[in-house]
>>> print(open('entry.cif').read())   # mmCIF, N, CA, C and O atoms
data_my_file
#
loop_
_atom_site.label_atom_id
_atom_site.label_comp_id
_atom_site.auth_asym_id
_atom_site.auth_seq_id
_atom_site.Cartn_x
_atom_site.Cartn_y
_atom_site.Cartn_z
N LYS A 1 10.62 -11.82 -6.38
CA LYS A 1 10.09 -13.00 -5.73
C LYS A 1 8.58 -12.97 -5.74
O LYS A 1 7.97 -11.92 -5.61
N THR A 2 7.98 -14.09 -5.86
CA THR A 2 6.53 -14.18 -5.76
C THR A 2 6.15 -14.39 -4.30
O THR A 2 7.00 -14.65 -3.45
N VAL A 3 4.87 -14.28 -4.01
CA VAL A 3 4.39 -14.52 -2.65
C VAL A 3 4.78 -15.93 -2.22
O VAL A 3 5.24 -16.15 -1.10
N TYR A 4 4.67 -16.88 -3.10
CA TYR A 4 5.02 -18.26 -2.77
C TYR A 4 6.48 -18.37 -2.36
O TYR A 4 6.82 -19.00 -1.38
N ASP A 5 7.36 -17.74 -3.12
CA ASP A 5 8.79 -17.79 -2.82
C ASP A 5 9.12 -17.13 -1.48
O ASP A 5 10.11 -17.47 -0.85
N SER A 6 8.30 -16.20 -1.05
CA SER A 6 8.54 -15.49 0.21
C SER A 6 7.87 -16.19 1.38
O SER A 6 7.79 -15.64 2.47
N ASN A 7 7.33 -17.36 1.15
CA ASN A 7 6.62 -18.12 2.18
C ASN A 7 5.38 -17.39 2.68
O ASN A 7 4.86 -17.71 3.74
N GLY A 8 4.92 -16.38 1.95
CA GLY A 8 3.69 -15.69 2.29
C GLY A 8 3.75 -14.83 3.54
O GLY A 8 2.72 -14.41 4.04
N LEU A 9 4.93 -14.53 4.06
CA LEU A 9 5.05 -13.76 5.30
C LEU A 9 5.53 -12.35 4.99
O LEU A 9 6.58 -12.17 4.38
N PHE A 10 4.74 -11.37 5.43
CA PHE A 10 5.09 -9.98 5.22
C PHE A 10 4.80 -9.20 6.49
O PHE A 10 3.85 -9.50 7.20
N VAL A 11 5.61 -8.22 6.76
CA VAL A 11 5.40 -7.34 7.90
C VAL A 11 5.07 -5.97 7.32
O VAL A 11 5.79 -5.45 6.48
N LEU A 12 3.95 -5.41 7.77
CA LEU A 12 3.52 -4.12 7.27
C LEU A 12 3.73 -3.03 8.30
O LEU A 12 3.54 -3.26 9.50
N THR A 13 4.08 -1.86 7.82
CA THR A 13 4.15 -0.70 8.69
C THR A 13 2.73 -0.26 8.99
O THR A 13 1.76 -0.78 8.42
N GLU A 14 2.59 0.73 9.85
CA GLU A 14 1.25 1.27 10.15
C GLU A 14 0.58 1.77 8.87
O GLU A 14 -0.59 1.49 8.62
N LEU A 15 1.33 2.49 8.05
CA LEU A 15 0.77 3.01 6.80
C LEU A 15 0.45 1.86 5.85
O LEU A 15 -0.61 1.87 5.21
N GLY A 16 1.33 0.89 5.76
CA GLY A 16 1.06 -0.26 4.90
C GLY A 16 -0.20 -0.99 5.31
O GLY A 16 -1.00 -1.39 4.46
N THR A 17 -0.39 -1.15 6.60
CA THR A 17 -1.61 -1.79 7.11
C THR A 17 -2.84 -0.97 6.75
O THR A 17 -3.86 -1.52 6.31
N PHE A 18 -2.74 0.34 6.90
CA PHE A 18 -3.86 1.23 6.55
C PHE A 18 -4.22 1.08 5.08
O PHE A 18 -5.39 0.90 4.72
N ILE A 19 -3.21 1.13 4.22
CA ILE A 19 -3.46 1.01 2.77
C ILE A 19 -4.04 -0.37 2.46
O ILE A 19 -5.00 -0.48 1.69
N TRP A 20 -3.48 -1.41 3.05
CA TRP A 20 -3.96 -2.77 2.81
C TRP A 20 -5.45 -2.90 3.16
O TRP A 20 -6.22 -3.54 2.45
N GLU A 21 -5.84 -2.28 4.26
CA GLU A 21 -7.23 -2.38 4.71
C GLU A 21 -8.21 -1.62 3.82
O GLU A 21 -9.36 -2.02 3.69
N ILE A 22 -7.77 -0.53 3.21
CA ILE A 22 -8.68 0.23 2.34
C ILE A 22 -8.59 -0.19 0.88
O ILE A 22 -9.43 0.20 0.07
N LEU A 23 -7.61 -0.99 0.55
CA LEU A 23 -7.39 -1.40 -0.83
C LEU A 23 -8.63 -2.00 -1.51
O LEU A 23 -8.94 -1.63 -2.65
N PRO A 24 -9.38 -2.88 -0.85
CA PRO A 24 -10.55 -3.46 -1.53
C PRO A 24 -11.63 -2.44 -1.92
O PRO A 24 -12.32 -2.63 -2.91
N GLN A 25 -11.76 -1.36 -1.16
CA GLN A 25 -12.79 -0.36 -1.45
C GLN A 25 -12.32 0.73 -2.41
O GLN A 25 -13.13 1.44 -2.98
N ALA A 26 -11.02 0.86 -2.56
CA ALA A 26 -10.46 1.95 -3.38
C ALA A 26 -10.74 1.70 -4.86
O ALA A 26 -10.57 0.59 -5.35
N GLN A 27 -11.16 2.73 -5.53
CA GLN A 27 -11.42 2.65 -6.97
C GLN A 27 -10.17 2.98 -7.78
O GLN A 27 -10.08 2.62 -8.95
N SER A 28 -9.25 3.71 -7.16
CA SER A 28 -8.04 4.13 -7.87
C SER A 28 -6.94 4.44 -6.87
O SER A 28 -7.17 4.54 -5.66
N GLU A 29 -5.75 4.63 -7.39
CA GLU A 29 -4.62 5.02 -6.55
C GLU A 29 -4.89 6.38 -5.92
O GLU A 29 -4.53 6.62 -4.77
N ALA A 30 -5.57 7.26 -6.65
CA ALA A 30 -5.90 8.59 -6.12
C ALA A 30 -6.82 8.48 -4.90
O ALA A 30 -6.68 9.27 -3.96
N ASP A 31 -7.72 7.52 -4.90
CA ASP A 31 -8.59 7.30 -3.74
C ASP A 31 -7.77 6.92 -2.51
O ASP A 31 -8.05 7.38 -1.40
N ILE A 32 -6.76 6.11 -2.72
CA ILE A 32 -5.90 5.70 -1.61
C ILE A 32 -5.11 6.89 -1.10
O ILE A 32 -5.01 7.11 0.11
N VAL A 33 -4.57 7.68 -2.01
CA VAL A 33 -3.83 8.89 -1.61
C VAL A 33 -4.73 9.81 -0.81
O VAL A 33 -4.33 10.34 0.24
N ASP A 34 -5.95 10.02 -1.27
CA ASP A 34 -6.90 10.88 -0.55
C ASP A 34 -7.16 10.36 0.87
O ASP A 34 -7.21 11.13 1.82
N ALA A 35 -7.31 9.06 1.00
CA ALA A 35 -7.55 8.46 2.31
C ALA A 35 -6.34 8.64 3.22
O ALA A 35 -6.49 8.94 4.42
N VAL A 36 -5.16 8.50 2.67
CA VAL A 36 -3.93 8.71 3.45
C VAL A 36 -3.86 10.16 3.91
O VAL A 36 -3.53 10.45 5.07
N LEU A 37 -4.19 11.08 3.02
CA LEU A 37 -4.15 12.51 3.38
C LEU A 37 -5.15 12.84 4.49
O LEU A 37 -4.88 13.69 5.33
N GLU A 38 -6.29 12.16 4.49
CA GLU A 38 -7.29 12.39 5.54
C GLU A 38 -6.85 11.80 6.88
O GLU A 38 -7.15 12.35 7.94
N ALA A 39 -6.14 10.69 6.83
CA ALA A 39 -5.79 9.97 8.06
C ALA A 39 -4.46 10.39 8.67
O ALA A 39 -4.26 10.23 9.88
N TYR A 40 -3.56 10.92 7.86
CA TYR A 40 -2.21 11.24 8.33
C TYR A 40 -1.86 12.68 7.98
O TYR A 40 -2.32 13.21 6.99
N GLU A 41 -1.01 13.25 8.80
CA GLU A 41 -0.54 14.61 8.55
C GLU A 41 0.72 14.55 7.69
O GLU A 41 1.85 14.63 8.20
N VAL A 42 0.53 14.40 6.40
CA VAL A 42 1.63 14.35 5.43
C VAL A 42 1.28 15.23 4.25
O VAL A 42 0.10 15.54 4.01
N SER A 43 2.28 15.60 3.48
CA SER A 43 2.04 16.39 2.28
C SER A 43 1.46 15.49 1.19
O SER A 43 1.61 14.26 1.24
N ALA A 44 0.85 16.11 0.21
CA ALA A 44 0.29 15.35 -0.91
C ALA A 44 1.40 14.61 -1.65
O ALA A 44 1.21 13.46 -2.06
N GLU A 45 2.55 15.24 -1.78
CA GLU A 45 3.67 14.61 -2.48
C GLU A 45 4.15 13.36 -1.73
O GLU A 45 4.43 12.33 -2.33
N GLU A 46 4.24 13.47 -0.41
CA GLU A 46 4.69 12.34 0.40
C GLU A 46 3.66 11.20 0.35
O GLU A 46 4.03 10.04 0.22
N ALA A 47 2.39 11.55 0.42
CA ALA A 47 1.34 10.54 0.36
C ALA A 47 1.37 9.81 -0.98
O ALA A 47 1.30 8.58 -1.04
N LYS A 48 1.50 10.57 -2.07
CA LYS A 48 1.56 9.96 -3.40
C LYS A 48 2.75 9.03 -3.52
O LYS A 48 2.63 7.91 -4.05
N ALA A 49 3.90 9.46 -3.04
CA ALA A 49 5.11 8.65 -3.14
C ALA A 49 4.99 7.38 -2.30
O ALA A 49 5.36 6.29 -2.76
N ASP A 50 4.47 7.51 -1.08
CA ASP A 50 4.33 6.35 -0.21
C ASP A 50 3.35 5.33 -0.77
O ASP A 50 3.61 4.13 -0.75
N VAL A 51 2.23 5.81 -1.27
CA VAL A 51 1.22 4.91 -1.85
C VAL A 51 1.79 4.22 -3.09
O VAL A 51 1.66 3.01 -3.25
N ALA A 52 2.44 4.99 -3.94
CA ALA A 52 3.01 4.40 -5.16
C ALA A 52 4.06 3.35 -4.82
O ALA A 52 4.08 2.27 -5.43
N GLU A 53 4.90 3.62 -3.83
CA GLU A 53 5.93 2.66 -3.43
C GLU A 53 5.30 1.37 -2.89
O GLU A 53 5.72 0.27 -3.24
N PHE A 54 4.28 1.52 -2.04
CA PHE A 54 3.63 0.35 -1.47
C PHE A 54 2.95 -0.50 -2.55
O PHE A 54 3.11 -1.72 -2.60
N LEU A 55 2.22 0.15 -3.43
CA LEU A 55 1.53 -0.58 -4.50
C LEU A 55 2.52 -1.23 -5.44
O LEU A 55 2.29 -2.34 -5.93
N ASP A 56 3.64 -0.54 -5.71
CA ASP A 56 4.67 -1.12 -6.58
C ASP A 56 5.25 -2.39 -5.96
O ASP A 56 5.45 -3.39 -6.67
N LYS A 57 5.47 -2.39 -4.66
CA LYS A 57 5.98 -3.59 -3.99
C LYS A 57 4.98 -4.74 -4.09
O LYS A 57 5.35 -5.88 -4.34
N LEU A 58 3.69 -4.42 -3.91
CA LEU A 58 2.67 -5.47 -4.03
C LEU A 58 2.63 -6.04 -5.44
O LEU A 58 2.48 -7.25 -5.62
N LYS A 59 2.78 -5.17 -6.42
CA LYS A 59 2.78 -5.64 -7.82
C LYS A 59 4.00 -6.50 -8.11
O LYS A 59 3.88 -7.54 -8.77
N LYS A 60 5.16 -6.08 -7.64
CA LYS A 60 6.39 -6.85 -7.89
C LYS A 60 6.32 -8.23 -7.24
O LYS A 60 6.88 -9.18 -7.76
N LEU A 61 5.63 -8.32 -6.12
CA LEU A 61 5.47 -9.59 -5.43
C LEU A 61 4.26 -10.39 -5.94
O LEU A 61 3.94 -11.45 -5.42
N GLU A 62 3.60 -9.82 -6.95
CA GLU A 62 2.44 -10.45 -7.58
C GLU A 62 1.30 -10.69 -6.61
O GLU A 62 0.60 -11.69 -6.67
N ILE A 63 1.13 -9.73 -5.69
CA ILE A 63 0.01 -9.79 -4.75
C ILE A 63 -1.21 -9.12 -5.36
O ILE A 63 -2.33 -9.55 -5.15
N ILE A 64 -0.95 -8.06 -6.13
CA ILE A 64 -2.04 -7.39 -6.85
C ILE A 64 -1.67 -7.29 -8.31
O ILE A 64 -0.53 -7.43 -8.69
#
>>> encode(input="entry.cif", output="structure tokens")
Amino acid sequence: KTVYDSNGLFVLTELGTFIWEILPQAQSEADIVDAVLEAYEVSAEEAKADVAEFLDKLKKLEII
């Protein structure tokens, strides 16, 4: 579905909100992972997986 088909309404988790807010300043996915690692007590593997999943959802919805 595109953003239009979804009526533009999305609910973000705390992590999703964090990623969304830093997205404009991030130069790469690795930058986002690094920021998640600094802000949350998670493993590097978990941070990478969570960031990749979130970005993949945004791409599938044609938001980014």
>>> closest_residue(input="entry.cif", among="A:Gln25, A:Leu12, A:Glu41, A:Asp34", to="Lys57 (chain A)", atoms="only C-alpha atoms")
A:Leu12
>>> atom_distance(input="entry.cif", atom1="CA of Ile63 (chain A)", atom2="CA of Pro24 (chain A)")
12.7 Å
>>> atom_distance(input="entry.cif", atom1="atom N of Ala44 (chain A)", atom2="atom C of Asp31 (chain A)")
12.9 Å
>>> axis_aligned_box(input="entry.cif", around="region 45-64 of chain A", padding_each_side="5 Å", output="lines of an AutoDock Vina configuration file")
center_x = 2.3
center_y = 1.8
center_z = -4.2
size_x = 19.2
size_y = 36.9
size_z = 19.2
>>> resolve_selection(input="entry.cif", expression="the PyMOL selection byres ((chain A and resi 16-19) around 8)", output="list in words")
Val11, Leu12, Thr13, Glu14, Leu15, Trp20, Glu21, Ile22, Leu23, Pro24, Gln25, Ala26, Ile32, Ala35, Val36, Asp50, Val51 and Phe54 of chain A
>>> atom_distance(input="entry.cif", atom1="CA of Ser43 (chain A)", atom2="CA of Ala30 (chain A)")
13.9 Å
>>> decode(input="entry.cif", residues="chain A", atoms="C-alpha atoms", output="JSON list (two decimals), in the first residue's frame")
[["chain", "number", "residue", "atom", "x", "y", "z"],
["A", 1, "LYS", "CA", 0.00, 0.00, 0.00],
["A", 2, "THR", "CA", 1.12, 3.53, -0.60],
["A", 3, "VAL", "CA", 0.80, 6.31, 1.95],
["A", 4, "TYR", "CA", -2.23, 7.56, 0.05],
["A", 5, "ASP", "CA", -3.95, 4.18, 0.25],
["A", 6, "SER", "CA", -3.34, 4.09, 4.00],
["A", 7, "ASN", "CA", -4.99, 7.48, 4.47],
["A", 8, "GLY", "CA", -1.63, 8.78, 5.72],
["A", 9, "LEU", "CA", -2.18, 7.52, 9.28],
["A", 10, "PHE", "CA", 0.60, 5.64, 11.04],
["A", 11, "VAL", "CA", 1.28, 4.82, 14.66],
["A", 12, "LEU", "CA", 4.93, 4.67, 15.64],
["A", 13, "THR", "CA", 6.52, 2.87, 18.54],
["A", 14, "GLU", "CA", 8.98, 4.72, 20.76],
["A", 15, "LEU", "CA", 11.85, 3.39, 18.66],
["A", 16, "GLY", "CA", 10.06, 4.22, 15.42],
["A", 17, "THR", "CA", 9.53, 7.77, 16.62],
["A", 18, "PHE", "CA", 13.21, 8.04, 17.57],
["A", 19, "ILE", "CA", 14.34, 6.80, 14.15],
["A", 20, "TRP", "CA", 11.84, 9.06, 12.36],
["A", 21, "GLU", "CA", 13.16, 12.11, 14.21],
["A", 22, "ILE", "CA", 16.82, 11.42, 13.38],
["A", 23, "LEU", "CA", 16.18, 10.28, 9.82],
["A", 24, "PRO", "CA", 16.70, 13.72, 8.21],
["A", 25, "GLN", "CA", 20.17, 14.12, 9.76],
["A", 26, "ALA", "CA", 21.35, 10.55, 9.19],
["A", 27, "GLN", "CA", 23.82, 10.05, 6.38],
["A", 28, "SER", "CA", 23.41, 6.27, 6.31],
["A", 29, "GLU", "CA", 21.64, 3.34, 7.90],
["A", 30, "ALA", "CA", 24.79, 2.80, 10.00],
["A", 31, "ASP", "CA", 24.37, 6.30, 11.45],
["A", 32, "ILE", "CA", 20.87, 5.40, 12.55],
["A", 33, "VAL", "CA", 22.06, 2.13, 14.09],
["A", 34, "ASP", "CA", 24.79, 4.02, 15.98],
["A", 35, "ALA", "CA", 22.23, 6.50, 17.32],
["A", 36, "VAL", "CA", 19.96, 3.66, 18.45],
["A", 37, "LEU", "CA", 22.90, 1.99, 20.21],
["A", 38, "GLU", "CA", 23.68, 5.24, 22.04],
["A", 39, "ALA", "CA", 20.07, 5.84, 23.09],
["A", 40, "TYR", "CA", 18.91, 2.31, 23.95],
["A", 41, "GLU", "CA", 20.37, -0.66, 25.76],
["A", 42, "VAL", "CA", 20.23, -3.17, 22.92],
["A", 43, "SER", "CA", 22.75, -5.34, 21.13],
["A", 44, "ALA", "CA", 24.24, -4.23, 17.83],
["A", 45, "GLU", "CA", 22.46, -7.11, 16.11],
["A", 46, "GLU", "CA", 19.08, -6.09, 17.54],
["A", 47, "ALA", "CA", 19.63, -2.44, 16.63],
["A", 48, "LYS", "CA", 20.59, -3.35, 13.06],
["A", 49, "ALA", "CA", 17.56, -5.61, 12.67],
["A", 50, "ASP", "CA", 15.13, -3.07, 14.13],
["A", 51, "VAL", "CA", 16.46, -0.22, 11.99],
["A", 52, "ALA", "CA", 16.42, -2.35, 8.85],
["A", 53, "GLU", "CA", 12.84, -3.48, 9.54],
["A", 54, "PHE", "CA", 11.63, 0.08, 10.13],
["A", 55, "LEU", "CA", 13.33, 1.47, 7.03],
["A", 56, "ASP", "CA", 12.03, -1.45, 4.96],
["A", 57, "LYS", "CA", 8.46, -0.65, 6.04],
["A", 58, "LEU", "CA", 8.93, 3.00, 5.09],
["A", 59, "LYS", "CA", 10.26, 1.98, 1.68],
["A", 60, "LYS", "CA", 7.41, -0.46, 1.05],
["A", 61, "LEU", "CA", 4.92, 2.28, 1.89],
["A", 62, "GLU", "CA", 6.83, 4.65, -0.42],
["A", 63, "ILE", "CA", 7.52, 7.12, 2.37],
["A", 64, "ILE", "CA", 11.25, 7.11, 1.68]]
